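Take a look at the structure below.
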Amino acid sequence: MTRPSRWLTVSLLAAALLPAGAAAQDTLSPSPTAPPLPPTTQAAPAAAPGVRVWTQVSSGLLAGRSAGGVRVWQGVPYAAAPVGERRWKAPQPAPLWVGERDAAQPGNVCVQPRPGGGLRGHEDCLFLNVYAPDGATRAPVMVWIHGGSFRSGAGSDYDGRLLARERGVVVVTLNYRLGPLGFLAAPGLLEGRTVGNYGLLDQQAALRWVRANAAAFGGDPANVTVFGESAGGMSVCAQLASPGAAGLFDKAILQSGPCTPEINTVPVADALNTGREYARVLGCPEGDAACLRAVPAERLLATPVPGRRAPGAVALPPVYGDAVVPRAPAEAFRSGEVHRVPLLIGSNLDEGTLFAAPLGAGGRDLPLWQYWGLVAVLERWNAPRVLAAYPAREYPTVGLAAAALVTDGLFACPVNDLSRDLARVTPVYAYEFRDREAPLELNPSGTIPRYGATHAAEIISVFGTRLEKFADPARFTPAQAELARTMRAYWTNFARSGNPNAAGLPGWRPLDPARGNVLALEPGRVAEFISFRQEHRCDLWSR
């Protein structure tokens with residue numbers, strides 16, 4: 001089988017293992033029958049404390065707050081509200097304001113499902129937040145794109161204060177349109193060759209705003225690094241293949257976010273077919289954009305997206321084949337037709353445990369027959385080879401066997417293949433986060449007695465602040481705290497110069513595809529290893 005079909009297979013397996021409505025590729029929302037698996041959101045304050053500080057940006061005067069050596073501006077509009085006639089259009093410049101705009105509180109989050117039911121957010125949501133060290137001058141700028149399966153999350157869920165204060169960088173977090181408002185492609189919404197991908201266009205608009213305004217916060221507009229995790233990493237991945245992102249960033253960091261598996265992007269023709277049927281279900285004639293724009297956001301999100309897909313699969317992922325992402329990302333990366341900026345790319349040792357945890361019933365393990373059946377249905381004639389590679393008898397639980405399959409097929413090997421392709425045309429620093437004792441706040445289940453280095457577990461080390469109901473760096477051991485400081489040094493050194501190395505840090509060499517060198521990040525041991533592809537059985541999943 002070819003690599004794309006293999007990735008689709010394991011993507012479908014991952015999705016089939018999830019409860020209906022849970023989003024593959026990102027942290028799950030709690031369900032009545034599953035252990036609580038909360039979204040990866042930071043415990044950011046509702047309003048910034050401190051004394052008032054002012055700065056002038058392109059739209060007007062902003063009043064932020066300064067405390068603890070960090071200046072914070074929240075709820076800063078980077079584009080006009082995408083409402084009314086601007087719904088499902090490329091973002092427009094933010095309007096000017098007269099006088100002072102208070103920037104002490106986050107802006108609206110983009111409309112999204114609320115855990116437990118209902119909606120949170122507003123369509124008027126194109127805001128960003130800036131965290132700058134006191135006295136910063138031409139500091140590196142790091143722009144964070146959040147995860148959430150392209151249907152949930154917000155920039156204001158992440159607190160950039162510690163990263164800014166400790167490492168002397170300007171941190172920017174942003175919102176982008178989500179779900180049908182961010183990624184619906186329908187015939188009536190075509191504008192030239194652009195359709196869908198409004199969330200990706202929002203990210204580009206935010207990056208243009210950062211280029212234009214970074215100096216107002218003490219940042220260097222000529223030194224911008226974009227970084228993201230899961231759907232945020234996939235967004236960064238897609239931007240590498242987007243002509244519209246040319247010149248908008250100087251370096252990129254992808255954390256557990258390959259955009260190459262088929263479950264993570266969709267051809268424009270398929271997206272338009274889905275959008276056509278979705279419009280029909282909403283009662284709008286084909287091509288009637290005015291009808292679609294008149295549908296309330298609440299009804300849009302309450303209407304299931306038509307089409308056959310595995311339970312839990314992302315219903316409206318980014319599109320390729322339009323003007324925003326003209327080619328399938330995997331093809332673009334193999335051909336070298338990408339933005340050739342330095343890259344830092346990696347994944348976590350046990351990504352799949354987070355997705356396998358809800359399996360089983362009544363606290364019991366996943367039944368062996370169900371595991372076999374899922375692999376047989378999805379792999380067909382190749383099922384014996386896959387089951388031989390992941391025999392349940394070699395794992396403490398059947399669920400851990402399924403988790404290993406998801407880790408390798410949907411994260412580790414696609415990320416490594418992506419890294420190898422890109423390393424042929426630009427410097428790539430490859431890592432694997434391997435702290436299996438990370439201080440998680442997740443309940444064990446019958447399928448997953450221990451989560452290990454699961455999906456999103458590295459974020460508390462990068463930001464240095466708590467992920468609410470997920471993980472808390474206050475519980476780090478001394479060795480874990482040292483690893484976290486090392487990771488923040490690597491990430492910010494890379495943002496500063498395109499090279500994560502510095503005196504006092506273990507050496508990190510760029511990836512040599514022939515050697516397969518990857519940096520292991522684990523407490524007490526930060527060192528290169530070359531057995532990544534063997535450990536993750538990448539010969540099974542890769543080309």
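Ligands are numbered from 1 in the order shown, chains are lettered A, B, ... in the order of the structure tokens, and residues start at 1 in each chain.
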Next on the checklist: Could you list, as a PyMOL selection string, every residue within 8 Å of segment 472-479 of chain A, counting only C-alpha atoms and ignoring same-chain residues fewer than 5 positions away?
Outcome noted: chain A and resi 438-441+460-461+464-467+523-524
Can I get the selection written as a PDB file, in the first residue's frame, with C-alpha atoms?
```pdb
ATOM      1  CA  ALA A 438       4.915  13.989  33.139  1.00  0.00           C
ATOM      2  CA  PRO A 439       2.687  15.423  35.917  1.00  0.00           C
ATOM      3  CA  LEU A 440      -0.649  14.807  34.199  1.00  0.00           C
ATOM      4  CA  GLU A 441      -4.007  15.362  35.848  1.00  0.00           C
ATOM      5  CA  ILE A 460       3.588  22.728  29.942  1.00  0.00           C
ATOM      6  CA  SER A 461       7.331  22.545  29.411  1.00  0.00           C
ATOM      7  CA  GLY A 464       5.983  26.780  31.759  1.00  0.00           C
ATOM      8  CA  THR A 465       2.414  27.235  32.963  1.00  0.00           C
ATOM      9  CA  ARG A 466      -0.439  24.912  33.842  1.00  0.00           C
ATOM     10  CA  LEU A 467      -2.781  23.300  31.346  1.00  0.00           C
ATOM     11  CA  PRO A 523      14.386  14.092  32.330  1.00  0.00           C
ATOM     12  CA  GLY A 524      18.026  13.467  33.058  1.00  0.00           C
TER      13      GLY A 524
END
```
As a compact mmCIF listing (two decimals) with C-alpha atoms, in the first residue's frame, which residues of segment 316-510 of chain A does DSSP assign to strand (DSSP E or B)?
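Result went into part.txt, see below:
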```txt
# COMPACT_ATOMS: atom_id res chain seq x y z
CA VAL A 319 -8.62 22.10 1.98
CA TYR A 320 -5.96 21.65 -0.66
CA LEU A 343 12.32 24.14 11.14
CA LEU A 344 12.05 22.48 14.55
CA ILE A 345 9.74 19.45 14.34
CA GLY A 346 8.79 16.63 16.66
CA SER A 347 6.25 14.43 18.38
CA ASN A 348 5.72 12.65 21.69
CA VAL A 428 15.43 20.68 10.36
CA TYR A 429 15.93 19.96 14.06
CA ALA A 430 13.99 16.80 14.98
CA TYR A 431 12.96 15.84 18.53
CA GLU A 432 10.91 13.35 20.47
CA PHE A 433 9.46 14.24 23.88
CA LEU A 440 -0.65 14.81 34.20
CA LEU A 467 -2.78 23.30 31.35
CA ALA A 471 -1.01 18.92 33.55
```
Next on the checklist: Would you pick out the contacts of His455 of chain A at 10 Å or less, using only C-alpha atoms, so that residues sharing its chain but fewer than 6 positions from it are not included, and give the list as a list in words?
Outcome noted: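 Everything that qualifies: Gln25, Asp26, Thr27, Thr40, Glu229, Ser230, Gln255, Ser256, Ser347, Asn348, Leu349, Asp350, Glu351, Gly352, Thr353, Leu354, Phe355, Thr407, Phe411 and Phe433 of chain A.
Reported to one decimal place, the separation of atom CA of Ala90 of chain A from atom CA of Ala289 of chain A is 14.5 Å.
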Interface rows for segment 246-323 of chain A against segment 103-117 of chain A: nearest pair, Å to one decimal, 12 Å, only C-alpha atoms, as JSON lines:
```
{"residue": "A:Pro296", "atom": "CA", "partner": "A:Val111", "partner_atom": "CA", "distance": 11.2}
{"residue": "A:Ala297", "atom": "CA", "partner": "A:Val111", "partner_atom": "CA", "distance": 7.6}
{"residue": "A:Glu298", "atom": "CA", "partner": "A:Val111", "partner_atom": "CA", "distance": 8.6}
{"residue": "A:Arg299", "atom": "CA", "partner": "A:Val111", "partner_atom": "CA", "distance": 11.5}
{"residue": "A:Leu300", "atom": "CA", "partner": "A:Val111", "partner_atom": "CA", "distance": 10.2}
{"residue": "A:Leu301", "atom": "CA", "partner": "A:Gln112", "partner_atom": "CA", "distance": 7.5}
{"residue": "A:Ala302", "atom": "CA", "partner": "A:Pro113", "partner_atom": "CA", "distance": 8.9}
{"residue": "A:Thr303", "atom": "CA", "partner": "A:Pro113", "partner_atom": "CA", "distance": 11.9}
```
Checklist entry - Of the residues A:Leu368, A:Ala456, A:Ala231, A:Leu519, which is the one nearest to Val314 of chain A, using only C-alpha atoms? => result A:Ala231
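Straight-line separation from atom CA of Val281 of chain A to atom CA of Tyr198 of chain A: 21.5 Å.
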Item to check | Who sits within 9 Å of segment 268-278 of chain A, only C-alpha atoms, same chain under 3 positions skipped, as a list in words | outcome: Leu184, Ala185, Ala186, Pro187, Gly188, Val195, Gly196, Val281, Leu282, Gly283, Cys284, Pro285, Glu286, Gly287, Thr303, Pro304, Val305, Pro306, Gly307, Leu316, Pro317, Pro318, Val319, Tyr320, Gly321 and Asp322 of chain A
Residues of the last selection are to be written out with N, CA and C atoms, as a PDB file, in the first residue's frame.
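Resulting contents of result35.pdb:
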```pdb
ATOM      1  N   LEU A 184     -15.540  25.720   5.954  1.00  0.00           N
ATOM      2  CA  LEU A 184     -16.563  25.252   5.014  1.00  0.00           C
ATOM      3  C   LEU A 184     -16.209  25.685   3.595  1.00  0.00           C
ATOM      4  N   ALA A 185     -16.216  24.735   2.674  1.00  0.00           N
ATOM      5  CA  ALA A 185     -16.050  25.029   1.245  1.00  0.00           C
ATOM      6  C   ALA A 185     -17.362  24.668   0.552  1.00  0.00           C
ATOM      7  N   ALA A 186     -18.058  25.644   0.003  1.00  0.00           N
ATOM      8  CA  ALA A 186     -19.324  25.421  -0.689  1.00  0.00           C
ATOM      9  C   ALA A 186     -19.303  26.183  -2.010  1.00  0.00           C
ATOM     10  N   PRO A 187     -19.970  25.659  -3.049  1.00  0.00           N
ATOM     11  CA  PRO A 187     -19.903  26.304  -4.370  1.00  0.00           C
ATOM     12  C   PRO A 187     -20.239  27.787  -4.347  1.00  0.00           C
ATOM     13  N   GLY A 188     -21.211  28.202  -3.558  1.00  0.00           N
ATOM     14  CA  GLY A 188     -21.601  29.608  -3.532  1.00  0.00           C
ATOM     15  C   GLY A 188     -20.575  30.519  -2.894  1.00  0.00           C
ATOM     16  N   VAL A 195     -11.529  29.014  -1.612  1.00  0.00           N
ATOM     17  CA  VAL A 195     -12.732  28.536  -0.945  1.00  0.00           C
ATOM     18  C   VAL A 195     -12.298  27.712   0.258  1.00  0.00           C
ATOM     19  N   GLY A 196     -13.066  27.814   1.361  1.00  0.00           N
ATOM     20  CA  GLY A 196     -12.640  27.150   2.584  1.00  0.00           C
ATOM     21  C   GLY A 196     -11.368  27.802   3.101  1.00  0.00           C
ATOM     22  N   VAL A 281     -28.820  20.725   3.358  1.00  0.00           N
ATOM     23  CA  VAL A 281     -29.399  20.384   4.659  1.00  0.00           C
ATOM     24  C   VAL A 281     -29.831  21.650   5.399  1.00  0.00           C
ATOM     25  N   LEU A 282     -29.089  22.724   5.216  1.00  0.00           N
ATOM     26  CA  LEU A 282     -29.435  23.993   5.862  1.00  0.00           C
ATOM     27  C   LEU A 282     -30.592  24.707   5.163  1.00  0.00           C
ATOM     28  N   GLY A 283     -31.025  24.167   4.027  1.00  0.00           N
ATOM     29  CA  GLY A 283     -32.143  24.767   3.307  1.00  0.00           C
ATOM     30  C   GLY A 283     -31.750  25.840   2.321  1.00  0.00           C
ATOM     31  N   CYS A 284     -30.473  25.880   1.921  1.00  0.00           N
ATOM     32  CA  CYS A 284     -30.000  26.906   0.993  1.00  0.00           C
ATOM     33  C   CYS A 284     -29.776  26.315  -0.387  1.00  0.00           C
ATOM     34  N   PRO A 285     -30.307  26.935  -1.425  1.00  0.00           N
ATOM     35  CA  PRO A 285     -30.066  26.455  -2.789  1.00  0.00           C
ATOM     36  C   PRO A 285     -28.575  26.502  -3.119  1.00  0.00           C
ATOM     37  N   GLU A 286     -28.151  25.629  -4.026  1.00  0.00           N
ATOM     38  CA  GLU A 286     -26.749  25.617  -4.423  1.00  0.00           C
ATOM     39  C   GLU A 286     -26.338  26.966  -4.992  1.00  0.00           C
ATOM     40  N   GLY A 287     -25.232  27.480  -4.530  1.00  0.00           N
ATOM     41  CA  GLY A 287     -24.728  28.753  -5.027  1.00  0.00           C
ATOM     42  C   GLY A 287     -25.295  29.979  -4.345  1.00  0.00           C
ATOM     43  N   THR A 303     -25.865  21.783  13.133  1.00  0.00           N
ATOM     44  CA  THR A 303     -26.204  20.948  11.984  1.00  0.00           C
ATOM     45  C   THR A 303     -25.039  20.014  11.672  1.00  0.00           C
ATOM     46  N   PRO A 304     -25.244  18.708  11.764  1.00  0.00           N
ATOM     47  CA  PRO A 304     -24.141  17.782  11.462  1.00  0.00           C
ATOM     48  C   PRO A 304     -23.669  17.949  10.019  1.00  0.00           C
ATOM     49  N   VAL A 305     -22.381  17.876   9.825  1.00  0.00           N
ATOM     50  CA  VAL A 305     -21.820  17.957   8.479  1.00  0.00           C
ATOM     51  C   VAL A 305     -22.106  16.650   7.759  1.00  0.00           C
ATOM     52  N   PRO A 306     -22.753  16.698   6.598  1.00  0.00           N
ATOM     53  CA  PRO A 306     -23.089  15.455   5.891  1.00  0.00           C
ATOM     54  C   PRO A 306     -21.849  14.722   5.401  1.00  0.00           C
ATOM     55  N   GLY A 307     -22.053  13.473   5.040  1.00  0.00           N
ATOM     56  CA  GLY A 307     -20.984  12.676   4.464  1.00  0.00           C
ATOM     57  C   GLY A 307     -20.582  11.529   5.360  1.00  0.00           C
ATOM     58  N   LEU A 316     -14.561  19.039   8.978  1.00  0.00           N
ATOM     59  CA  LEU A 316     -14.194  20.087   8.028  1.00  0.00           C
ATOM     60  C   LEU A 316     -12.731  20.468   8.238  1.00  0.00           C
ATOM     61  N   PRO A 317     -11.806  19.652   7.738  1.00  0.00           N
ATOM     62  CA  PRO A 317     -10.383  19.992   7.854  1.00  0.00           C
ATOM     63  C   PRO A 317      -9.986  21.003   6.788  1.00  0.00           C
ATOM     64  N   PRO A 318      -8.764  21.510   6.835  1.00  0.00           N
ATOM     65  CA  PRO A 318      -8.300  22.387   5.761  1.00  0.00           C
ATOM     66  C   PRO A 318      -8.364  21.702   4.395  1.00  0.00           C
ATOM     67  N   VAL A 319      -8.421  22.546   3.368  1.00  0.00           N
ATOM     68  CA  VAL A 319      -8.618  22.104   1.985  1.00  0.00           C
ATOM     69  C   VAL A 319      -7.319  22.292   1.214  1.00  0.00           C
ATOM     70  N   TYR A 320      -7.041  21.385   0.291  1.00  0.00           N
ATOM     71  CA  TYR A 320      -5.962  21.655  -0.658  1.00  0.00           C
ATOM     72  C   TYR A 320      -6.502  21.559  -2.083  1.00  0.00           C
ATOM     73  N   GLY A 321      -5.850  22.289  -2.973  1.00  0.00           N
ATOM     74  CA  GLY A 321      -6.308  22.377  -4.357  1.00  0.00           C
ATOM     75  C   GLY A 321      -6.923  23.717  -4.667  1.00  0.00           C
ATOM     76  N   ASP A 322      -6.978  24.618  -3.683  1.00  0.00           N
ATOM     77  CA  ASP A 322      -7.461  25.978  -3.919  1.00  0.00           C
ATOM     78  C   ASP A 322      -6.252  26.909  -3.952  1.00  0.00           C
TER      79      ASP A 322
END
```
Item to check | Residue nearest Ser59 of chain A among A:Ser445, A:Asn213, A:Asn416, A:Gln239 (counting only C-alpha atoms) | outcome: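 Nearest to Ser59 of chain A: A:Asn213.
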Next on the checklist: Applying 6 Å and only C-alpha atoms, which residues near Pro133 of chain A remain after dropping the ones on its own chain fewer than 4 positions away? List them as a PyMOL selection string.
Outcome noted: chain A and resi 69-70+164-165+168
Using the selection just defined, write its residues with C-alpha atoms as a PDB file, in the first residue's frame.
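File written: selection.pdb
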```pdb
ATOM      1  CA  GLY A  69       8.480  42.164  34.340  1.00  0.00           C
ATOM      2  CA  VAL A  70       6.028  41.498  31.505  1.00  0.00           C
ATOM      3  CA  ALA A 164       8.391  36.083  27.655  1.00  0.00           C
ATOM      4  CA  ARG A 165       9.913  36.954  31.029  1.00  0.00           C
ATOM      5  CA  GLY A 168      13.269  37.528  26.546  1.00  0.00           C
TER       6      GLY A 168
END
```
Quick one: which segment 415-500 of chain A residues come within 12 Å of segment 389-405 of chain A, and what is the nearest atom pair for each with the distance in Å to one decimal, counting only C-alpha atoms, rows ordered by chain and ascending number, as JSON lines?
```
{"residue": "A:Pro444", "atom": "CA", "partner": "A:Gly399", "partner_atom": "CA", "distance": 11.7}
{"residue": "A:Ser445", "atom": "CA", "partner": "A:Gly399", "partner_atom": "CA", "distance": 9.5}
{"residue": "A:Gly446", "atom": "CA", "partner": "A:Thr397", "partner_atom": "CA", "distance": 7.9}
{"residue": "A:Thr447", "atom": "CA", "partner": "A:Gly399", "partner_atom": "CA", "distance": 4.4}
{"residue": "A:Ile448", "atom": "CA", "partner": "A:Leu400", "partner_atom": "CA", "distance": 6.2}
{"residue": "A:Pro449", "atom": "CA", "partner": "A:Thr397", "partner_atom": "CA", "distance": 8.3}
{"residue": "A:Arg450", "atom": "CA", "partner": "A:Leu400", "partner_atom": "CA", "distance": 9.2}
{"residue": "A:Tyr451", "atom": "CA", "partner": "A:Leu400", "partner_atom": "CA", "distance": 9.3}
{"residue": "A:Gly452", "atom": "CA", "partner": "A:Leu400", "partner_atom": "CA", "distance": 10.7}
{"residue": "A:Ala453", "atom": "CA", "partner": "A:Ala404", "partner_atom": "CA", "distance": 11.8}
{"residue": "A:Thr454", "atom": "CA", "partner": "A:Ala403", "partner_atom": "CA", "distance": 9.8}
{"residue": "A:His455", "atom": "CA", "partner": "A:Ala403", "partner_atom": "CA", "distance": 11.0}
```
Excluding segment 487-502 of chain A and its own-chain neighbours fewer than 5 positions away, which residues fall within 7 Å of it when counting only C-alpha atoms? Please give them as a short mmCIF file (atom, residue, chain, number, x, y, z; two decimals) with C-alpha atoms, in the first residue's frame.
```cif
data_model
loop_
_atom_site.label_atom_id
_atom_site.label_comp_id
_atom_site.auth_asym_id
_atom_site.auth_seq_id
_atom_site.Cartn_x
_atom_site.Cartn_y
_atom_site.Cartn_z
CA PRO A 140 12.50 37.62 18.75
CA MET A 142 7.03 33.85 18.66
CA ARG A 167 13.56 33.92 27.74
CA THR A 225 8.78 32.34 14.42
CA LYS A 251 11.23 30.07 11.21
CA PRO A 342 14.58 26.68 9.44
CA SER A 461 7.33 22.54 29.41
CA VAL A 462 7.27 24.97 26.49
CA GLY A 507 24.31 19.58 21.37
CA TRP A 508 21.48 19.27 18.83
#
```
Item to check | 6 Å contact set for Val224 of chain A, only C-alpha atoms, chain neighbours under 6 positions out, as a VMD selection string | outcome: chain A and resid 141 to 142 249 to 250
Checklist entry - What is the distance, in Å and to one decimal place, between atom CA of Pro261 of chain A and atom CA of Leu418 of chain A? => result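 Between atom CA of Pro261 of chain A and atom CA of Leu418 of chain A the gap is 10.3 Å.
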Next on the checklist: Using only C-alpha atoms, can you tell me which of A:Asn197, A:Ala206, A:Gln370, A:Asp417 comes closest to Val325 of chain A?
Outcome noted: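 Residue with the minimum atom-to-atom distance to Val325 of chain A: A:Asn197.
In this comparison, which uses only C-alpha atoms, the residue of A:Leu181, A:Val172, A:Leu62, A:Ala136 approaching Phe150 of chain A most closely is A:Leu181.
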